[in-house]
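J.: I am sharing protein.cif, which consists of mmCIF, C-alpha atoms:
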```cif
data_work
#
loop_
_atom_site.label_atom_id
_atom_site.label_comp_id
_atom_site.auth_asym_id
_atom_site.auth_seq_id
_atom_site.Cartn_x
_atom_site.Cartn_y
_atom_site.Cartn_z
CA MET T 306 -8.50 -16.07 -16.96
CA LEU T 307 -9.05 -12.58 -15.55
CA LEU T 308 -5.90 -10.47 -15.97
CA PRO T 309 -5.16 -6.81 -15.18
CA ARG T 310 -4.40 -4.09 -17.69
CA LEU T 311 -0.89 -2.66 -17.41
CA GLN T 312 -0.80 1.15 -17.36
CA ALA T 313 1.77 3.80 -16.45
CA VAL T 314 1.79 7.41 -15.28
CA THR T 315 4.67 9.89 -15.45
CA CYS T 316 5.64 11.29 -12.05
CA SER T 317 8.22 13.89 -11.06
CA SER T 318 10.90 14.10 -8.40
CA PRO T 319 13.69 16.60 -7.69
CA ALA T 320 15.89 14.31 -9.82
CA GLY T 321 13.60 14.40 -12.87
CA LEU T 322 10.76 12.34 -14.34
CA HIS T 323 10.00 8.67 -13.80
CA ARG T 324 7.26 6.26 -14.80
CA MET T 325 5.13 4.49 -12.23
CA ALA T 326 3.52 1.32 -13.58
CA TYR T 327 0.17 0.22 -12.25
CA TYR T 328 -2.27 -2.61 -12.81
CA GLU T 329 -5.92 -1.87 -13.45
CA TRP T 330 -8.72 -4.34 -12.74
CA GLY T 331 -12.41 -3.96 -13.45
CA ASP T 332 -14.36 -1.40 -15.46
CA SER T 333 -12.15 1.58 -16.36
CA ASP T 334 -15.27 3.79 -16.37
CA ASN T 335 -16.11 2.89 -12.76
CA HIS T 336 -15.51 5.97 -10.61
CA GLU T 337 -15.46 4.02 -7.34
CA VAL T 338 -11.77 3.16 -7.00
CA VAL T 339 -9.86 0.88 -4.64
CA LEU T 340 -6.17 1.80 -4.56
CA CYS T 341 -4.02 -1.09 -3.30
CA VAL T 342 -0.47 -0.16 -2.28
CA HIS T 343 2.08 -2.85 -1.48
CA GLY T 344 4.82 -3.32 1.12
CA LEU T 345 8.47 -2.25 1.04
CA THR T 346 9.94 -4.86 -1.31
CA ARG T 347 6.79 -6.16 -2.96
CA THR T 348 4.78 -5.23 -6.09
CA GLY T 349 1.23 -4.41 -7.15
CA ARG T 350 0.73 -8.02 -8.20
CA ASP T 351 0.57 -8.95 -4.50
CA PHE T 352 -3.10 -7.94 -4.69
CA ASP T 353 -4.13 -10.21 -7.57
CA ALA T 354 -6.35 -12.45 -5.43
CA LEU T 355 -8.04 -9.49 -3.72
CA ALA T 356 -8.38 -7.51 -6.96
CA LYS T 357 -10.08 -10.38 -8.76
CA VAL T 358 -12.80 -10.39 -6.11
CA LEU T 359 -13.15 -6.61 -5.81
CA SER T 360 -13.13 -5.92 -9.57
CA ASN T 361 -16.74 -7.09 -9.89
CA ARG T 362 -17.80 -3.95 -8.02
CA TYR T 363 -14.84 -1.56 -8.06
CA ARG T 364 -12.12 -0.27 -10.34
CA VAL T 365 -9.01 -1.64 -8.63
CA ILE T 366 -5.63 0.04 -9.08
CA CYS T 367 -2.43 -1.64 -7.91
CA PRO T 368 0.75 0.40 -8.54
CA ASP T 369 4.36 -0.73 -8.44
CA VAL T 370 5.89 1.92 -6.20
CA ALA T 371 8.97 3.63 -7.69
CA GLY T 372 12.04 1.41 -7.60
CA ARG T 373 9.99 -1.79 -7.69
CA GLY T 374 8.51 -4.09 -10.29
CA LEU T 375 7.89 -2.45 -13.66
CA SER T 376 8.26 1.10 -12.38
CA ASP T 377 11.38 3.15 -13.04
CA TRP T 378 14.20 3.34 -10.52
CA LEU T 379 15.01 6.76 -9.06
CA SER T 380 18.38 8.22 -10.03
CA ASN T 381 18.82 9.56 -6.49
CA PRO T 382 18.30 6.75 -3.92
CA ALA T 383 17.88 9.28 -1.13
CA LEU T 384 14.45 10.05 -2.61
CA TYR T 385 13.14 6.55 -1.80
CA GLY T 386 10.84 7.62 1.00
CA LEU T 387 7.27 8.46 1.95
CA PRO T 388 7.23 12.06 0.63
CA GLN T 389 8.15 10.92 -2.91
CA TYR T 390 5.79 7.96 -2.80
CA VAL T 391 2.90 10.18 -1.71
CA SER T 392 3.70 12.66 -4.48
CA ASP T 393 3.54 9.80 -6.99
CA MET T 394 0.19 8.61 -5.62
CA VAL T 395 -1.23 12.14 -5.86
CA THR T 396 -0.22 12.17 -9.53
CA LEU T 397 -1.90 8.80 -10.04
CA ILE T 398 -5.10 9.78 -8.23
CA ALA T 399 -5.29 13.02 -10.21
CA ARG T 400 -5.24 10.92 -13.37
CA LEU T 401 -7.87 8.47 -12.08
CA GLN T 402 -10.35 11.21 -11.02
CA PRO T 403 -12.27 8.95 -8.61
CA GLU T 404 -15.64 9.94 -7.25
CA ARG T 405 -14.89 7.66 -4.30
CA LEU T 406 -11.46 6.41 -3.24
CA HIS T 407 -10.78 3.50 -0.91
CA TRP T 408 -7.20 2.80 0.16
CA VAL T 409 -5.83 -0.67 0.96
CA GLY T 410 -2.24 -0.41 2.18
CA THR T 411 0.00 -3.24 3.34
CA SER T 412 2.88 -2.18 5.59
CA MET T 413 4.66 0.61 3.67
CA GLY T 414 1.52 1.00 1.54
CA GLY T 415 -0.44 1.83 4.68
CA LEU T 416 2.15 4.42 5.74
CA ILE T 417 1.88 6.05 2.31
CA GLY T 418 -1.88 6.18 2.86
CA LEU T 419 -1.47 7.83 6.27
CA VAL T 420 0.89 10.50 4.91
CA TYR T 421 -1.52 11.08 2.01
CA ALA T 422 -4.35 11.52 4.55
CA GLY T 423 -2.24 14.00 6.51
CA ALA T 424 -1.48 15.94 3.33
CA LEU T 425 -5.20 16.06 2.48
CA ALA T 426 -5.98 17.43 5.94
CA GLN T 427 -3.32 20.12 5.56
CA ALA T 428 -4.63 21.00 2.07
CA ARG T 429 -8.18 21.39 3.34
CA HIS T 430 -6.93 23.76 6.04
CA SER T 431 -4.82 25.76 3.59
CA ASN T 432 -7.55 25.91 0.95
CA ALA T 433 -10.11 27.20 3.42
CA THR T 434 -8.74 30.68 2.77
CA LEU T 435 -9.35 31.77 -0.81
CA THR T 436 -6.89 33.86 -2.77
CA PRO T 437 -8.21 37.17 -4.15
CA ALA T 438 -8.63 35.61 -7.60
CA GLN T 439 -10.39 32.50 -6.23
CA SER T 440 -12.94 34.65 -4.41
CA HIS T 441 -14.29 35.65 -7.83
CA THR T 442 -13.81 32.39 -9.77
CA PRO T 443 -14.27 29.01 -8.04
CA VAL T 444 -11.58 26.41 -8.79
CA PRO T 445 -12.88 22.94 -9.82
CA SER T 446 -12.24 19.97 -7.56
CA THR T 447 -9.15 17.89 -8.36
CA GLN T 448 -10.88 14.77 -6.96
CA LEU T 449 -8.15 14.16 -4.38
CA ARG T 450 -10.06 12.40 -1.64
CA LEU T 451 -10.05 9.49 0.80
CA ASP T 452 -13.34 7.74 1.59
CA SER T 453 -12.03 4.78 3.59
CA ILE T 454 -8.72 3.14 4.44
CA VAL T 455 -7.53 -0.37 5.27
CA LEU T 456 -4.25 -0.44 7.21
CA ASN T 457 -2.81 -3.92 6.81
CA ASP T 458 -0.40 -4.67 9.66
CA VAL T 459 0.90 -1.14 10.04
CA GLY T 460 0.34 1.89 12.20
CA PRO T 461 2.00 5.14 13.25
CA HIS T 462 4.43 3.32 15.56
CA LEU T 463 6.70 0.66 14.08
CA GLU T 464 8.59 -1.66 16.39
CA PRO T 465 12.34 -0.82 16.16
CA ALA T 466 13.43 -4.48 16.28
CA SER T 467 11.26 -5.27 13.29
CA LEU T 468 12.61 -2.29 11.35
CA ALA T 469 16.15 -3.48 12.10
CA ARG T 470 15.26 -6.96 10.80
CA ILE T 471 13.82 -5.52 7.61
CA GLY T 472 16.87 -3.30 7.13
CA LEU T 473 19.12 -6.35 7.11
CA TYR T 474 17.61 -7.94 4.00
CA VAL T 475 16.46 -4.94 1.94
CA GLY T 476 19.85 -4.32 0.35
CA GLU T 477 20.96 -7.96 0.33
CA ASN T 478 22.15 -8.97 -3.13
CA VAL T 479 21.06 -12.59 -3.62
CA SER T 480 20.46 -14.59 -6.78
CA PHE T 481 19.40 -18.12 -7.63
CA PRO T 482 20.00 -20.40 -10.63
CA SER T 483 16.36 -21.52 -10.67
CA PHE T 484 12.91 -20.16 -9.94
CA ASP T 485 12.24 -23.02 -7.52
CA GLN T 486 15.21 -21.97 -5.40
CA ALA T 487 13.92 -18.42 -5.37
CA VAL T 488 10.57 -19.72 -4.16
CA GLN T 489 12.25 -21.61 -1.34
CA TYR T 490 14.15 -18.47 -0.33
CA VAL T 491 10.94 -16.40 -0.27
CA ARG T 492 9.21 -19.14 1.69
CA MET T 493 12.01 -19.07 4.26
CA THR T 494 12.40 -15.29 4.58
CA CYS T 495 8.65 -14.61 4.49
CA GLU T 496 7.58 -17.35 6.86
CA SER T 497 5.75 -14.71 8.90
CA PHE T 498 3.24 -14.40 6.03
CA GLY T 499 1.67 -17.56 7.47
CA PRO T 500 0.61 -20.83 5.83
CA HIS T 501 0.24 -20.81 2.03
CA THR T 502 -0.07 -23.47 -0.64
CA PRO T 503 2.90 -24.20 -2.96
CA GLU T 504 1.03 -22.38 -5.73
CA GLN T 505 0.58 -19.31 -3.54
CA TRP T 506 4.28 -19.28 -2.60
CA ALA T 507 5.08 -19.40 -6.32
CA ASP T 508 2.74 -16.44 -6.88
CA LEU T 509 4.41 -14.55 -4.03
CA THR T 510 7.77 -15.09 -5.77
CA ARG T 511 6.80 -14.68 -9.43
CA TYR T 512 6.86 -10.89 -9.53
CA VAL T 513 9.56 -10.21 -6.94
CA TYR T 514 12.27 -12.32 -8.61
CA VAL T 515 13.04 -11.88 -12.30
CA GLU T 516 15.30 -13.92 -14.57
CA ARG T 517 18.39 -12.23 -15.97
CA ALA T 518 21.36 -13.97 -17.61
CA GLY T 519 20.32 -17.33 -16.20
CA GLN T 520 19.93 -16.07 -12.62
CA TRP T 521 16.81 -15.14 -10.65
CA ILE T 522 17.40 -11.76 -9.00
CA LYS T 523 15.36 -9.31 -6.94
CA HIS T 524 13.05 -7.08 -8.94
CA TYR T 525 13.72 -3.92 -6.96
CA ASP T 526 16.50 -1.35 -6.72
CA LEU T 527 18.81 -2.51 -3.93
CA SER T 528 19.45 1.16 -3.22
CA LEU T 529 16.14 1.14 -1.33
CA ALA T 530 18.42 0.31 1.60
CA VAL T 531 20.09 3.75 1.44
CA PRO T 532 17.34 5.66 3.33
CA PHE T 533 17.31 2.93 6.01
CA LYS T 534 20.99 3.54 6.69
CA GLN T 535 20.39 7.28 6.92
CA LEU T 536 17.54 6.97 9.43
CA THR T 537 18.48 8.37 12.85
CA PRO T 538 16.47 8.00 16.09
CA GLU T 539 15.65 11.71 15.88
CA LEU T 540 14.29 11.40 12.33
CA ALA T 541 12.33 8.29 13.32
CA ALA T 542 10.74 10.15 16.25
CA GLN T 543 9.79 13.08 14.01
CA GLY T 544 8.27 10.71 11.46
CA GLU T 545 6.25 8.88 14.10
CA ALA T 546 4.89 12.14 15.50
CA PHE T 547 3.72 13.15 12.02
CA LEU T 548 2.12 9.73 11.46
CA TRP T 549 0.15 9.93 14.72
CA GLY T 550 -1.03 13.39 13.69
CA ALA T 551 -2.03 12.08 10.25
CA PHE T 552 -3.84 9.12 11.79
CA SER T 553 -5.75 11.35 14.22
CA SER T 554 -6.75 13.62 11.30
CA LEU T 555 -8.54 10.77 9.50
CA THR T 556 -12.25 11.37 9.08
CA ALA T 557 -12.75 8.37 6.77
CA PRO T 558 -13.72 4.91 8.12
CA ILE T 559 -10.72 2.80 9.14
CA GLN T 560 -10.14 -0.97 9.08
CA ILE T 561 -7.00 -2.14 10.88
CA ILE T 562 -5.77 -5.65 10.11
CA ARG T 563 -3.07 -7.16 12.32
CA GLY T 564 -1.23 -10.43 12.01
CA GLN T 565 -1.65 -11.88 15.47
CA GLN T 566 2.08 -12.67 15.61
CA SER T 567 3.23 -9.43 13.99
CA ASP T 568 6.54 -8.01 15.19
CA LEU T 569 5.95 -4.69 13.39
CA LEU T 570 2.48 -3.71 14.63
CA SER T 571 2.12 -4.45 18.34
CA GLU T 572 -1.06 -5.00 20.34
CA GLN T 573 -0.20 -1.88 22.35
CA THR T 574 0.00 0.24 19.19
CA CYS T 575 -3.36 -1.13 18.00
CA GLN T 576 -4.98 -0.21 21.31
CA LYS T 577 -3.54 3.30 21.10
CA MET T 578 -4.86 3.59 17.54
CA LEU T 579 -8.34 2.65 18.78
CA GLN T 580 -8.05 5.32 21.47
CA TYR T 581 -7.23 7.90 18.80
CA GLN T 582 -9.96 6.60 16.46
CA PRO T 583 -12.63 4.75 18.51
CA GLN T 584 -14.77 4.10 15.42
CA ALA T 585 -11.97 2.12 13.71
CA ARG T 586 -12.35 -1.62 13.25
CA LEU T 587 -9.60 -4.03 14.32
CA THR T 588 -9.32 -7.58 12.97
CA GLU T 589 -6.52 -9.94 14.00
CA ILE T 590 -5.44 -12.80 11.75
CA ALA T 591 -4.45 -15.93 13.68
CA GLY T 592 -1.30 -17.82 12.73
CA VAL T 593 0.15 -14.88 10.79
CA GLY T 594 2.89 -12.37 11.55
CA HIS T 595 3.98 -9.49 9.35
CA ALA T 596 2.08 -9.22 7.15
CA PRO T 597 -1.19 -10.86 6.08
CA THR T 598 -0.99 -11.33 2.30
CA LEU T 599 -4.74 -10.86 1.68
CA MET T 600 -4.69 -14.00 -0.47
CA GLU T 601 -6.72 -16.26 1.81
CA THR T 602 -10.51 -16.11 1.54
CA ALA T 603 -10.97 -15.15 5.19
CA GLN T 604 -8.55 -12.23 4.83
CA ILE T 605 -10.16 -11.08 1.58
CA ASP T 606 -13.54 -11.22 3.30
CA VAL T 607 -12.36 -8.75 5.97
CA VAL T 608 -11.55 -6.20 3.27
CA THR T 609 -14.61 -6.80 1.09
CA GLU T 610 -17.04 -6.70 4.02
CA PHE T 611 -15.51 -3.45 5.25
CA LEU T 612 -15.71 -1.83 1.80
CA LEU T 613 -19.24 -3.06 1.19
CA SER T 614 -20.35 -1.73 4.56
CA GLN T 615 -19.21 1.74 3.46
CA THR T 616 -21.20 1.41 0.22
CA ALA T 617 -24.28 0.29 2.18
CA GLN T 618 -23.97 3.25 4.58
CA ASP T 619 -23.62 5.65 1.65
CA SER T 620 -26.72 4.19 0.00
CA GLN T 621 -28.67 4.50 3.27
CA ALA T 622 -27.55 8.11 3.65
CA PHE T 623 -28.52 8.84 0.04
CA ARG T 624 -32.03 7.53 0.61
CA HIS T 625 -32.45 9.88 3.55
#
```
As structure tokens - that is how I would like this structure written.

T.:
Amino acid sequence: MLLPRLQAVTCSSPAGLHRMAYYEWGDSDNHEVVLCVHGLTRTGRDFDALAKVLSNRYRVICPDVAGRGLSDWLSNPALYGLPQYVSDMVTLIARLQPERLHWVGTSMGGLIGLVYAGALAQARHSNATLTPAQSHTPVPSTQLRLDSIVLNDVGPHLEPASLARIGLYVGENVSFPSFDQAVQYVRMTCESFGPHTPEQWADLTRYVYVERAGQWIKHYDLSLAVPFKQLTPELAAQGEAFLWGAFSSLTAPIQIIRGQQSDLLSEQTCQKMLQYQPQARLTEIAGVGHAPTLMETAQIDVVTEFLLSQTAQDSQAFRH
């Protein structure tokens, strides 16, 4: 059975150092990398089904974002936010040194990708002016790049009602005496994921509930809820404005995936995204809300066909 390799990278925050665990699939010498970043309370193992397919052609990297899964928890919960997550991803990408980087982000993972894209755009602008020393000695590339991005059920505008719903359960301290009961709870609270087999529901539970002292508890730091409680309408508006700017700065190909019944990514937001980026692709998944799990063959095909189309275009351009 194909299994990933568990790796870790040391990242820094204003509170100190922490380890970010990540799962690596495929040939470690492959410089074409797909970075898969999960949703708010999930883990890198959410992408197992997708990674198994992609690993034949790509090196697939699936991190556990700080505070989740096998990654360290942050000593200051106020740091659980997009700036810290982007900083950690920059550290990871600098280690990977990809020659091509494709981003697949589900929900929060897509937002991290957008902020990363905005940071890249700002860096390009800043680096356009050389320092006196750099004018004499060129500085090598750090291989920070973005060659395509898949935004899975997320965009610059997030519906407030959906955010309020998510905020209710993030910090909820629940436990179960058996794994089967944990599966039933996940099946109930994640009904919007759409139809899945019993085996898939077990997989969706296996890495988000862990056994401790005879009880199955959430894998993540419940303090993830702290930033939610500190979010004001003014801060939310500022964040959205930045995300729209980051989205408009994207020069890489974009695939938007939307659960047709999503309460987080609305049809109106998708249409606005297409106005900002007319070349972007939009695919809606019937019978699914927030968010498509990318476990079903049809959903995996959307991602693989998009990525392969970029490879084909690059090959065509190379021949010319």

J.: Where does the PyMOL selection byres ((chain T and resi 358) around 10) land in this file, that is, which residues does it pick, as a list in words?

T.: Trp330, Gly331, Asp353, Ala354, Leu355, Ala356, Lys357, Leu359, Ser360, Asn361, Arg362, Tyr363, Val365, Thr602, Ile605, Asp606 and Thr609 of chain T

J.: Have a look at atom CA of T:Val444 and atom CA of T:Ala424 and let me know their distance in Å, one decimal.

T.: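 These two atoms are separated by 18.9 Å.
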
J.: Can you tell me which residues surround T:Ala518 at a distance of at most 12 Å, considering only C-alpha atoms, apart from same-chain residues fewer than 5 positions away, and format the answer as a ChimeraX atom specification?

T.: /T:480-483

J.: Please expand the PyMOL selection byres ((chain T and resi 507) around 10) into the concrete residues it hits in this file, giving the result as a PDB file with C-alpha atoms, keeping the file's coordinate frame.

T.:
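What ended up in expr-v9.pdb:
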```pdb
ATOM      1  CA  PHE T 484      12.910 -20.160  -9.940  1.00  0.00           C
ATOM      2  CA  ASP T 485      12.240 -23.020  -7.520  1.00  0.00           C
ATOM      3  CA  ALA T 487      13.920 -18.420  -5.370  1.00  0.00           C
ATOM      4  CA  VAL T 488      10.570 -19.720  -4.160  1.00  0.00           C
ATOM      5  CA  GLN T 489      12.250 -21.610  -1.340  1.00  0.00           C
ATOM      6  CA  VAL T 491      10.940 -16.400  -0.270  1.00  0.00           C
ATOM      7  CA  ARG T 492       9.210 -19.140   1.690  1.00  0.00           C
ATOM      8  CA  HIS T 501       0.240 -20.810   2.030  1.00  0.00           C
ATOM      9  CA  THR T 502      -0.070 -23.470  -0.640  1.00  0.00           C
ATOM     10  CA  PRO T 503       2.900 -24.200  -2.960  1.00  0.00           C
ATOM     11  CA  GLU T 504       1.030 -22.380  -5.730  1.00  0.00           C
ATOM     12  CA  GLN T 505       0.580 -19.310  -3.540  1.00  0.00           C
ATOM     13  CA  TRP T 506       4.280 -19.280  -2.600  1.00  0.00           C
ATOM     14  CA  ASP T 508       2.740 -16.440  -6.880  1.00  0.00           C
ATOM     15  CA  LEU T 509       4.410 -14.550  -4.030  1.00  0.00           C
ATOM     16  CA  THR T 510       7.770 -15.090  -5.770  1.00  0.00           C
ATOM     17  CA  ARG T 511       6.800 -14.680  -9.430  1.00  0.00           C
ATOM     18  CA  TYR T 512       6.860 -10.890  -9.530  1.00  0.00           C
TER      19      TYR T 512
END
```

J.: Specify as a list in words each residue included when the PyMOL selection byres ((chain T and resi 333) around 10) is applied to this file.

T.: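 Given this file, the PyMOL selection byres ((chain T and resi 333) around 10) evaluates to Arg310, Glu329, Trp330, Gly331, Asp332, Asp334, Asn335, His336, Glu337, Val338, Tyr363, Arg364, Val365, Ile366 and Leu401 of chain T.
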
J.: I need stretch 462-483 of chain T from the structure I supplied, saved as a CSV table (one decimal), in the first residue's frame with N, CA and C atoms retained.

T.:
```csv
chain,number,residue,atom,x,y,z
T,462,HIS,N,-14.1,36.7,-0.4
T,462,HIS,CA,-15.2,37.0,0.5
T,462,HIS,C,-15.8,35.7,1.1
T,463,LEU,N,-15.9,35.7,2.4
T,463,LEU,CA,-16.4,34.6,3.1
T,463,LEU,C,-17.8,35.0,3.7
T,464,GLU,N,-18.8,34.2,3.5
T,464,GLU,CA,-20.1,34.5,4.0
T,464,GLU,C,-20.1,34.6,5.5
T,465,PRO,N,-20.5,35.7,6.1
T,465,PRO,CA,-20.5,35.9,7.6
T,465,PRO,C,-21.3,34.8,8.4
T,466,ALA,N,-22.4,34.3,7.8
T,466,ALA,CA,-23.2,33.3,8.5
T,466,ALA,C,-22.4,32.0,8.6
T,467,SER,N,-21.7,31.7,7.6
T,467,SER,CA,-20.9,30.5,7.6
T,467,SER,C,-19.7,30.6,8.6
T,468,LEU,N,-19.1,31.8,8.6
T,468,LEU,CA,-18.0,32.0,9.6
T,468,LEU,C,-18.5,31.8,11.0
T,469,ALA,N,-19.7,32.3,11.3
T,469,ALA,CA,-20.3,32.2,12.6
T,469,ALA,C,-20.6,30.8,13.0
T,470,ARG,N,-21.0,30.0,12.0
T,470,ARG,CA,-21.3,28.6,12.2
T,470,ARG,C,-20.0,27.9,12.5
T,471,ILE,N,-18.9,28.2,11.8
T,471,ILE,CA,-17.6,27.5,12.0
T,471,ILE,C,-17.1,27.9,13.4
T,472,GLY,N,-17.3,29.2,13.8
T,472,GLY,CA,-16.8,29.6,15.1
T,472,GLY,C,-17.4,28.9,16.2
T,473,LEU,N,-18.6,28.4,16.1
T,473,LEU,CA,-19.3,27.7,17.1
T,473,LEU,C,-18.7,26.4,17.5
T,474,TYR,N,-18.1,25.7,16.5
T,474,TYR,CA,-17.6,24.3,16.8
T,474,TYR,C,-16.1,24.3,17.0
T,475,VAL,N,-15.4,25.3,16.5
T,475,VAL,CA,-13.9,25.2,16.5
T,475,VAL,C,-13.4,25.0,17.9
T,476,GLY,N,-13.9,25.7,18.9
T,476,GLY,CA,-13.4,25.5,20.3
T,476,GLY,C,-14.1,24.6,21.2
T,477,GLU,N,-15.1,23.8,20.5
T,477,GLU,CA,-15.9,22.9,21.3
T,477,GLU,C,-15.1,21.7,21.8
T,478,ASN,N,-15.2,21.5,23.1
T,478,ASN,CA,-14.4,20.4,23.6
T,478,ASN,C,-15.3,19.1,23.7
T,479,VAL,N,-15.2,18.2,22.8
T,479,VAL,CA,-16.0,17.0,22.8
T,479,VAL,C,-15.1,15.8,22.8
T,480,SER,N,-15.5,14.7,23.3
T,480,SER,CA,-14.8,13.5,23.3
T,480,SER,C,-15.7,12.3,23.3
T,481,PHE,N,-15.2,11.2,22.8
T,481,PHE,CA,-16.1,10.0,22.6
T,481,PHE,C,-15.4,8.7,23.2
T,482,PRO,N,-16.1,7.8,23.7
T,482,PRO,CA,-15.5,6.6,24.3
T,482,PRO,C,-15.1,5.6,23.2
T,483,SER,N,-15.5,5.8,21.9
T,483,SER,CA,-15.1,4.9,20.9
T,483,SER,C,-14.9,5.6,19.6
```
